[in-house]
2 protein chains.
Amino acid sequence: MTSAHFLSVRDRLLRAFLSREIGPFAVENRMTSFDGIVAARAVLTARGGMTSHAAVVARGMGKCAVVGCQAISVDAEHRRFDVGGETVSEGDWITLDGATGKVYRGDLPTTPSEVVSVIRGSRSARTAPSYQAFARLLGWADETRRLKVRANADTPADARIARGFGAEGIGLCRTEHMFFEGDRITAMREMIVARDEGGRRRALAKLLPIQRADFEGIFEAMNGLPVTIRLLDPPLHEFLPHGGEESKLLARTLGMQRADLSRIVESLRETNPMLGHRGCRLGITYPEITEMQGRAIFEAAVRAKRRGLDVRPEIMVPLVAVLAEFENQRDILLDVAKQVLGGMGEEVAYSIGTMIELPRAALTADEIATKADFFSFGTNDLTQTTFGLSRDDAGRFLPNYVDRGILPDDPFQVLDRNGVGKLIGFAVSAGRSVRPELKVGICGEHGGEPRSVKFCHTIGLDYVSCSPYRVPIARLAAAHAALESSAPDKTRSP
Amino acid sequence: MTSAHFLSVRDRLLRAFLSREIGPFAVENRMTSFDGIVAARAVLTARGGMTSHAAVVARGMGKCAVVGCQAISVDAEHRRFDVGGETVSEGDWITLDGATGKVYRGDLPTTPSEVVSVIRGSRSARTAPSYQAFARLLGWADETRRLKVRANADTPADARIARGFGAEGIGLCRTEHMFFEGDRITAMREMIVARDEGGRRRALAKLLPIQRADFEGIFEAMNGLPVTIRLLDPPLHEFLPHGGEESKLLARTLGMQRADLSRIVESLRETNPMLGHRGCRLGITYPEITEMQGRAIFEAAVRAKRRGLDVRPEIMVPLVAVLAEFENQRDILLDVAKQVLGGMGEEVAYSIGTMIELPRAALTADEIATKADFFSFGTNDLTQTTFGLSRDDAGRFLPNYVDRGILPDDPFQVLDRNGVGKLIGFAVSAGRSVRPELKVGICGEHGGEPRSVKFCHTIGLDYVSCSPYRVPIARLAAAHAALESSAPDKTRSP
């Protein structure tokens, strides 16, 4: 249970955060909702579902979130919400129970989780009996399981938490999240609105040291363990303000006419951003972005190595549909590696692989595996494209589908074995047929869902990767899967 | 070549039609662009590509369209466009050459196509030597080909044109296009904004006789040939006005507060409409829509039959991802059939099948075929989901992909054999493995593209379906495919 001073977020964010439901809003301008969640103690939304972007982000931060609370009606203009005839205004206290979804009026007393307190370092394991029981149980799980468990973490702080929960590496570091904090977003926006490659390169030069420092911090937290870094993924308009004070401010900061800025923002707007100019399509259109990111990774790796750390970067190209896209990005990265490592006179063991998150990539996995060192199944997007179902729009009918049994489960929560799973199984076989040593994992939210983890075990994946706070669940599920798959052998041998 | 009095469309449409590029605009509010194209003599756009919705719609109407003309800069406010230092204003004449993409200033003399004139009935075949040569060549093609060729047609007029071009049935009748004309859109909108099922049913009752009459007209035009009718497909917000005069007028017509209407429009807005609440998802949420459409089809079939016509309706459920969706819609249709045919004491031979346009449907084709009488591959959407690529947004990078050889062709023009084709091949085998008599065709734009038609021949489809004006191309390509596939046999037998 978490008490939250109602919407005690920064004023700039407040309007946006209040004014729209989380689902669509989060995608339209992920930055703002992400910032809003960072600033919030807990999240309560009128719309969206368990797998909407806000819920996923909040869960990854270990924050309490109650989403899709249809009983509340948010009045953004007056900064309040109404519920059952009562009004809760900005500044009032409410208390959320993330386990039951209950929302209480007032600042109820809450107790922090013992396990989380130990992992965050605010309590000693010796005085925490619940933590000890937790650690013992998971120790047994670790002895049993075959699947490795990694975490999805985007910052050194998250990486440390993930390691505390037992993550054996980072399966997904989303580099775009690094661009949202502080002044970084301004340099990112400068890059996006630049008129030409020169302008973009100048802005990217400002981002380089920031990314490098982040990567170095993550390599340090994950010393001795692999770190999979995904190149820039979301469409560029997600980084831009859409009107209002923020646009005015940005135009002033960048010395632009506001109309020019609006025109650029408008020109980047997409009908279906999920299927738009994103992922490796960005790196192909603007190779200088991939170059900068590659340079930041390799320079960080060398710096960390010189500090005596054992670094194992795995660079992941997102949203590949055809081999030629992967080759294009890989060539850029190999070039940068040669320049940086050659120039600094260091060797770093790195690998370059791809996310398999589009049906076409799965269907042509044998081609892609000729060049990719690893596959990581992005099961969130793979589920969206396989079903033709937008995670941010599905809230309108998907719960009803599950209630009526048209679908056995929400496929964004529990991996759909029969459809998405078939593609994954096909891609694993096809990929390993041309590259037997191909490393294969998944990094969607399914990586922390027990039934999905069992499926991953069954089809022979090497690892699952999930939110830091779900790592213990995945460790346990992986052990269950191993026990279940060995059980028949036991009954056979008397 | 077509002369067009520059944008001689109705004033209501003019602003919208001028103000936005066709691609995204068409999807945001398909109705308006559709109406705009209906009203226009020819279409010239600054953005979009050969496969953007506007180009596809214009081609289907046999209208000249030059899209993606980047040299022009449209100034919606002043109702003009600038090109190379010159200004063309509303009311000026321009002449377009759809074959070369050239745009001429002024009203140049043009000659109507002889073939089209004969097919439209404005000229006799006997006095048209080009038409006679055309008919002879295609007669030879018909003797040779195995693949049937159908047309995508949504109105009795289109169906007649299609038949004139040699279509052997309708492979795709998009019922939503029937809702855009005249007063129909008002009843449609009334249905969408209704507060409850009762309100929806009242509005649907107004649409029923309109749809029935359309279907009867199409059955008449296609006497003796199969007509595949797709249930409502696009998301409902495509039918609603997005602000402006039209919203004001609609609120007044429906006796609503404008704020209430805006709220409904806003609540229906989607982040990724392509992956949203559309296709059979609508018919599952609002079964009364499917009921009305089924009733209109069966009543029209009985009426046509009583007039001595040979009617062969094939009802197609769109956007199926799981068998249970199809079963749900099929059960509703079977029920309506029993009511209508039983009540009218007539028998009509009909079938119920599905579009395979999502990867998941292709992957579970063996399940779906247990209940579906036919499959029709919706290769436009199947390409979008397999590649994770929005047709309306791809213009920003897809041409560059093709120029650089990252893709050999635009996959919306030429069917991608290696990815999308693999899914189709899999689905055909899986479907026929449980139902050997399964009828299988395609109804995407690829049905009129020669290389794609050859692929369809090779994997054993029963028919292709394309725009009426592309039917001759498909007939010829199907003959080429048959000749090529029989050629090796000839070389083998001396």
# chains A, B, ... in the order shown; residues from 1 in each chain; ligands from 1

$ residues_around --residues "Thr290 of chain B" --least-positions-apart "3" --cutoff "10 Å" --atoms "only C-alpha atoms" --output "ChimeraX atom specification"
/B:231-232,280,282-287,293-296,317,329-330,332-333,336

$ select_by_dssp --residues "segment 72-127 of chain B" --states "strand (DSSP E)" --output "list of chain:residue names"
B:Ile72, B:Ser73, B:Val74, B:Asp75, B:Arg80, B:Phe81, B:Asp82, B:Val83, B:Glu86, B:Thr87, B:Val88, B:Ser89, B:Trp93, B:Ile94, B:Thr95, B:Leu96, B:Asp97, B:Lys102, B:Val103, B:Tyr104, B:Arg105

$ write_last_selection --atoms "N, CA, C and O atoms" --output "JSON list (two decimals), in the first residue's frame"
[["chain", "number", "residue", "atom", "x", "y", "z"],
["B", 72, "ILE", "N", 4.91, 20.65, -55.53],
["B", 72, "ILE", "CA", 3.87, 21.62, -55.20],
["B", 72, "ILE", "C", 3.79, 21.84, -53.70],
["B", 72, "ILE", "O", 4.07, 20.96, -52.90],
["B", 73, "SER", "N", 3.43, 23.06, -53.35],
["B", 73, "SER", "CA", 3.28, 23.40, -51.95],
["B", 73, "SER", "C", 1.87, 23.95, -51.79],
["B", 73, "SER", "O", 1.52, 24.99, -52.35],
["B", 74, "VAL", "N", 1.05, 23.21, -51.06],
["B", 74, "VAL", "CA", -0.37, 23.56, -50.95],
["B", 74, "VAL", "C", -0.58, 24.58, -49.85],
["B", 74, "VAL", "O", -0.08, 24.43, -48.74],
["B", 75, "ASP", "N", -1.30, 25.62, -50.19],
["B", 75, "ASP", "CA", -1.64, 26.66, -49.21],
["B", 75, "ASP", "C", -3.15, 26.60, -49.02],
["B", 75, "ASP", "O", -3.93, 27.17, -49.79],
["B", 80, "ARG", "N", -4.89, 27.60, -52.80],
["B", 80, "ARG", "CA", -4.03, 27.61, -53.98],
["B", 80, "ARG", "C", -2.84, 26.70, -53.72],
["B", 80, "ARG", "O", -2.64, 26.23, -52.60],
["B", 81, "PHE", "N", -2.08, 26.44, -54.78],
["B", 81, "PHE", "CA", -0.78, 25.82, -54.53],
["B", 81, "PHE", "C", 0.28, 26.52, -55.37],
["B", 81, "PHE", "O", 0.00, 27.14, -56.40],
["B", 82, "ASP", "N", 1.50, 26.47, -54.86],
["B", 82, "ASP", "CA", 2.63, 27.07, -55.55],
["B", 82, "ASP", "C", 3.50, 25.97, -56.12],
["B", 82, "ASP", "O", 3.67, 24.92, -55.51],
["B", 83, "VAL", "N", 4.04, 26.24, -57.31],
["B", 83, "VAL", "CA", 4.95, 25.27, -57.92],
["B", 83, "VAL", "C", 5.92, 26.03, -58.81],
["B", 83, "VAL", "O", 5.49, 26.81, -59.67],
["B", 86, "GLU", "N", 5.29, 29.61, -59.66],
["B", 86, "GLU", "CA", 3.94, 29.94, -60.15],
["B", 86, "GLU", "C", 2.89, 29.56, -59.11],
["B", 86, "GLU", "O", 3.13, 28.71, -58.26],
["B", 87, "THR", "N", 1.76, 30.21, -59.23],
["B", 87, "THR", "CA", 0.67, 29.92, -58.30],
["B", 87, "THR", "C", -0.54, 29.42, -59.08],
["B", 87, "THR", "O", -0.91, 30.00, -60.10],
["B", 88, "VAL", "N", -1.13, 28.35, -58.61],
["B", 88, "VAL", "CA", -2.37, 27.84, -59.19],
["B", 88, "VAL", "C", -3.46, 28.00, -58.14],
["B", 88, "VAL", "O", -3.31, 27.49, -57.02],
["B", 89, "SER", "N", -4.50, 28.74, -58.48],
["B", 89, "SER", "CA", -5.53, 29.03, -57.50],
["B", 89, "SER", "C", -6.79, 28.23, -57.77],
["B", 89, "SER", "O", -7.00, 27.74, -58.89],
["B", 93, "TRP", "N", -7.54, 25.90, -64.27],
["B", 93, "TRP", "CA", -7.50, 24.57, -64.87],
["B", 93, "TRP", "C", -6.09, 24.01, -64.83],
["B", 93, "TRP", "O", -5.12, 24.71, -65.08],
["B", 94, "ILE", "N", -6.01, 22.71, -64.49],
["B", 94, "ILE", "CA", -4.76, 21.98, -64.69],
["B", 94, "ILE", "C", -5.11, 20.68, -65.39],
["B", 94, "ILE", "O", -6.26, 20.23, -65.35],
["B", 95, "THR", "N", -4.11, 20.07, -66.03],
["B", 95, "THR", "CA", -4.32, 18.80, -66.73],
["B", 95, "THR", "C", -3.28, 17.81, -66.23],
["B", 95, "THR", "O", -2.10, 18.14, -66.14],
["B", 96, "LEU", "N", -3.76, 16.63, -65.86],
["B", 96, "LEU", "CA", -2.85, 15.62, -65.29],
["B", 96, "LEU", "C", -2.65, 14.47, -66.27],
["B", 96, "LEU", "O", -3.59, 14.07, -66.95],
["B", 97, "ASP", "N", -1.43, 13.94, -66.30],
["B", 97, "ASP", "CA", -1.17, 12.72, -67.06],
["B", 97, "ASP", "C", -0.80, 11.64, -66.04],
["B", 97, "ASP", "O", 0.30, 11.63, -65.48],
["B", 102, "LYS", "N", 2.96, 13.73, -65.06],
["B", 102, "LYS", "CA", 3.15, 15.15, -65.41],
["B", 102, "LYS", "C", 1.89, 15.96, -65.14],
["B", 102, "LYS", "O", 0.77, 15.47, -65.33],
["B", 103, "VAL", "N", 2.09, 17.19, -64.72],
["B", 103, "VAL", "CA", 0.98, 18.10, -64.45],
["B", 103, "VAL", "C", 1.15, 19.32, -65.35],
["B", 103, "VAL", "O", 2.21, 19.94, -65.34],
["B", 104, "TYR", "N", 0.12, 19.62, -66.14],
["B", 104, "TYR", "CA", 0.21, 20.75, -67.06],
["B", 104, "TYR", "C", -0.71, 21.86, -66.59],
["B", 104, "TYR", "O", -1.79, 21.60, -66.05],
["B", 105, "ARG", "N", -0.29, 23.08, -66.84],
["B", 105, "ARG", "CA", -1.15, 24.21, -66.53],
["B", 105, "ARG", "C", -2.15, 24.34, -67.68],
["B", 105, "ARG", "O", -1.79, 24.17, -68.84]]

$ select_by_dssp --residues "segment 282-444 of chain A" --states "alpha helix (DSSP H)" --output "PyMOL selection string"
chain A and resi 282-285+287-306+323-344+359-363+365-368+379-387+398-403+420-434

$ interface_residues --of "chain A" --to "chain B" --cutoff "6 Å" --atoms "only C-alpha atoms" --output "list in words"
Pro24, Thr271, Asn272, Leu275, Gly276, Ala321, Ala324, Pro359, Arg360, Leu363, Thr385, Thr386, Phe387, Gly388, Leu389, Ser390, Asp393, Ile406 and Gly419 of chain A

$ write_last_selection --atoms "N, CA and C atoms" --output "JSON list (two decimals), in the first residue's frame"
[["chain", "number", "residue", "atom", "x", "y", "z"],
["A", 24, "PRO", "N", -3.30, 6.01, -24.36],
["A", 24, "PRO", "CA", -2.96, 6.75, -25.57],
["A", 24, "PRO", "C", -1.98, 7.88, -25.28],
["A", 271, "THR", "N", 0.01, 8.43, -38.33],
["A", 271, "THR", "CA", -1.31, 7.85, -38.19],
["A", 271, "THR", "C", -1.26, 6.65, -37.25],
["A", 272, "ASN", "N", -0.26, 5.81, -37.44],
["A", 272, "ASN", "CA", -0.08, 4.62, -36.60],
["A", 272, "ASN", "C", 1.37, 4.59, -36.12],
["A", 275, "LEU", "N", 3.52, 1.54, -35.97],
["A", 275, "LEU", "CA", 3.96, 0.93, -37.24],
["A", 275, "LEU", "C", 4.68, 1.96, -38.10],
["A", 276, "GLY", "N", 5.26, 2.95, -37.46],
["A", 276, "GLY", "CA", 5.79, 4.08, -38.21],
["A", 276, "GLY", "C", 7.31, 4.12, -38.33],
["A", 321, "ALA", "N", 12.86, -5.99, -39.91],
["A", 321, "ALA", "CA", 11.90, -6.80, -40.68],
["A", 321, "ALA", "C", 12.62, -7.60, -41.76],
["A", 324, "ALA", "N", 18.54, -7.02, -44.63],
["A", 324, "ALA", "CA", 19.32, -5.87, -45.10],
["A", 324, "ALA", "C", 19.29, -4.71, -44.09],
["A", 359, "PRO", "N", 6.51, -10.08, -37.12],
["A", 359, "PRO", "CA", 6.33, -11.42, -37.71],
["A", 359, "PRO", "C", 7.32, -11.70, -38.83],
["A", 360, "ARG", "N", 7.61, -10.69, -39.65],
["A", 360, "ARG", "CA", 8.49, -10.95, -40.78],
["A", 360, "ARG", "C", 9.90, -11.35, -40.34],
["A", 363, "LEU", "N", 9.72, -14.93, -39.41],
["A", 363, "LEU", "CA", 9.55, -15.78, -40.59],
["A", 363, "LEU", "C", 10.83, -15.91, -41.41],
["A", 385, "THR", "N", 1.77, -6.96, -33.31],
["A", 385, "THR", "CA", 1.71, -7.14, -34.76],
["A", 385, "THR", "C", 1.09, -8.47, -35.15],
["A", 386, "THR", "N", 1.34, -9.51, -34.38],
["A", 386, "THR", "CA", 0.78, -10.82, -34.73],
["A", 386, "THR", "C", -0.75, -10.80, -34.61],
["A", 387, "PHE", "N", -1.23, -10.13, -33.57],
["A", 387, "PHE", "CA", -2.68, -10.01, -33.38],
["A", 387, "PHE", "C", -3.27, -8.81, -34.13],
["A", 388, "GLY", "N", -2.43, -7.90, -34.62],
["A", 388, "GLY", "CA", -2.96, -6.65, -35.18],
["A", 388, "GLY", "C", -3.69, -5.87, -34.12],
["A", 389, "LEU", "N", -3.07, -5.72, -32.97],
["A", 389, "LEU", "CA", -3.74, -5.22, -31.78],
["A", 389, "LEU", "C", -2.85, -4.22, -31.07],
["A", 390, "SER", "N", -3.31, -2.98, -31.01],
["A", 390, "SER", "CA", -2.53, -1.95, -30.33],
["A", 390, "SER", "C", -2.71, -2.04, -28.83],
["A", 393, "ASP", "N", -4.71, 0.74, -27.38],
["A", 393, "ASP", "CA", -6.13, 0.90, -27.76],
["A", 393, "ASP", "C", -6.97, -0.30, -27.37],
["A", 406, "ILE", "N", -13.45, -15.29, -25.40],
["A", 406, "ILE", "CA", -13.00, -15.27, -26.79],
["A", 406, "ILE", "C", -11.48, -15.42, -26.82],
["A", 419, "GLY", "N", -0.27, -18.65, -31.29],
["A", 419, "GLY", "CA", 0.02, -17.76, -32.41],
["A", 419, "GLY", "C", 1.43, -17.18, -32.28]]

$ atom_distance --atom1 "atom CA of Arg150 of chain A" --atom2 "atom CA of Tyr463 of chain A"
6.9 Å

$ residues_around --residues "Asp214 of chain A" --least-positions-apart "6" --cutoff "8 Å" --atoms "only C-alpha atoms" --output "list in words"
Thr155, Pro156 and Met178 of chain A

$ write_last_selection --atoms "C-alpha atoms" --output "tab-separated table (two decimals), in the first residue's frame"
chain	number	residue	atom	x	y	z
A	155	THR	CA	19.70	3.29	-15.59
A	156	PRO	CA	22.56	2.36	-13.28
A	178	MET	CA	18.11	8.16	-21.00

$ closest_residue --among "A:Gly224, A:Gly448, A:Gly441, A:Gly169" --to "Ser376 of chain A" --atoms "only C-alpha atoms"
A:Gly441

$ residues_around --residues "Gly121 of chain B" --least-positions-apart "5" --cutoff "10 Å" --atoms "only C-alpha atoms" --output "MDAnalysis selection string"
chainID B and resid 115:116 161 164

$ decode --residues "segment 85-123 of chain A" --atoms "C-alpha atoms" --output "short mmCIF file (atom, residue, chain, number, x, y, z; two decimals), in the first residue's frame"
data_model
loop_
_atom_site.label_atom_id
_atom_site.label_comp_id
_atom_site.auth_asym_id
_atom_site.auth_seq_id
_atom_site.Cartn_x
_atom_site.Cartn_y
_atom_site.Cartn_z
CA GLY A 85 -20.19 11.93 -5.27
CA GLU A 86 -16.96 12.94 -3.54
CA THR A 87 -14.29 15.22 -4.91
CA VAL A 88 -10.54 14.75 -4.47
CA SER A 89 -8.55 17.86 -5.29
CA GLU A 90 -4.91 18.49 -5.98
CA GLY A 91 -3.05 18.44 -2.68
CA ASP A 92 -5.41 15.94 -0.98
CA TRP A 93 -3.97 12.64 0.22
CA ILE A 94 -5.08 9.30 -1.14
CA THR A 95 -3.69 5.84 -0.41
CA LEU A 96 -3.52 3.09 -3.02
CA ASP A 97 -3.35 -0.66 -2.58
CA GLY A 98 -1.71 -2.03 -5.70
CA ALA A 99 -2.50 -5.64 -4.77
CA THR A 100 -6.27 -5.20 -4.56
CA GLY A 101 -6.69 -2.04 -6.64
CA LYS A 102 -8.42 -0.28 -3.74
CA VAL A 103 -8.10 3.47 -3.35
CA TYR A 104 -8.53 5.03 0.09
CA ARG A 105 -9.13 8.65 0.97
CA GLY A 106 -6.50 10.09 3.28
CA ASP A 107 -2.91 9.31 4.22
CA LEU A 108 -3.18 5.80 5.67
CA PRO A 109 -0.18 4.32 7.50
CA THR A 110 1.82 2.02 5.22
CA THR A 111 4.78 -0.29 5.80
CA PRO A 112 7.56 -0.62 3.24
CA SER A 113 8.25 -4.12 1.90
CA GLU A 114 10.99 -5.84 3.90
CA VAL A 115 12.43 -7.48 0.79
CA VAL A 116 12.57 -4.24 -1.14
CA SER A 117 14.10 -2.42 1.82
CA VAL A 118 16.97 -4.91 2.00
CA ILE A 119 17.56 -4.81 -1.73
CA ARG A 120 17.52 -1.03 -1.77
CA GLY A 121 20.06 -1.08 1.01
CA SER A 122 17.94 0.68 3.61
CA ARG A 123 17.77 -2.39 5.87
#
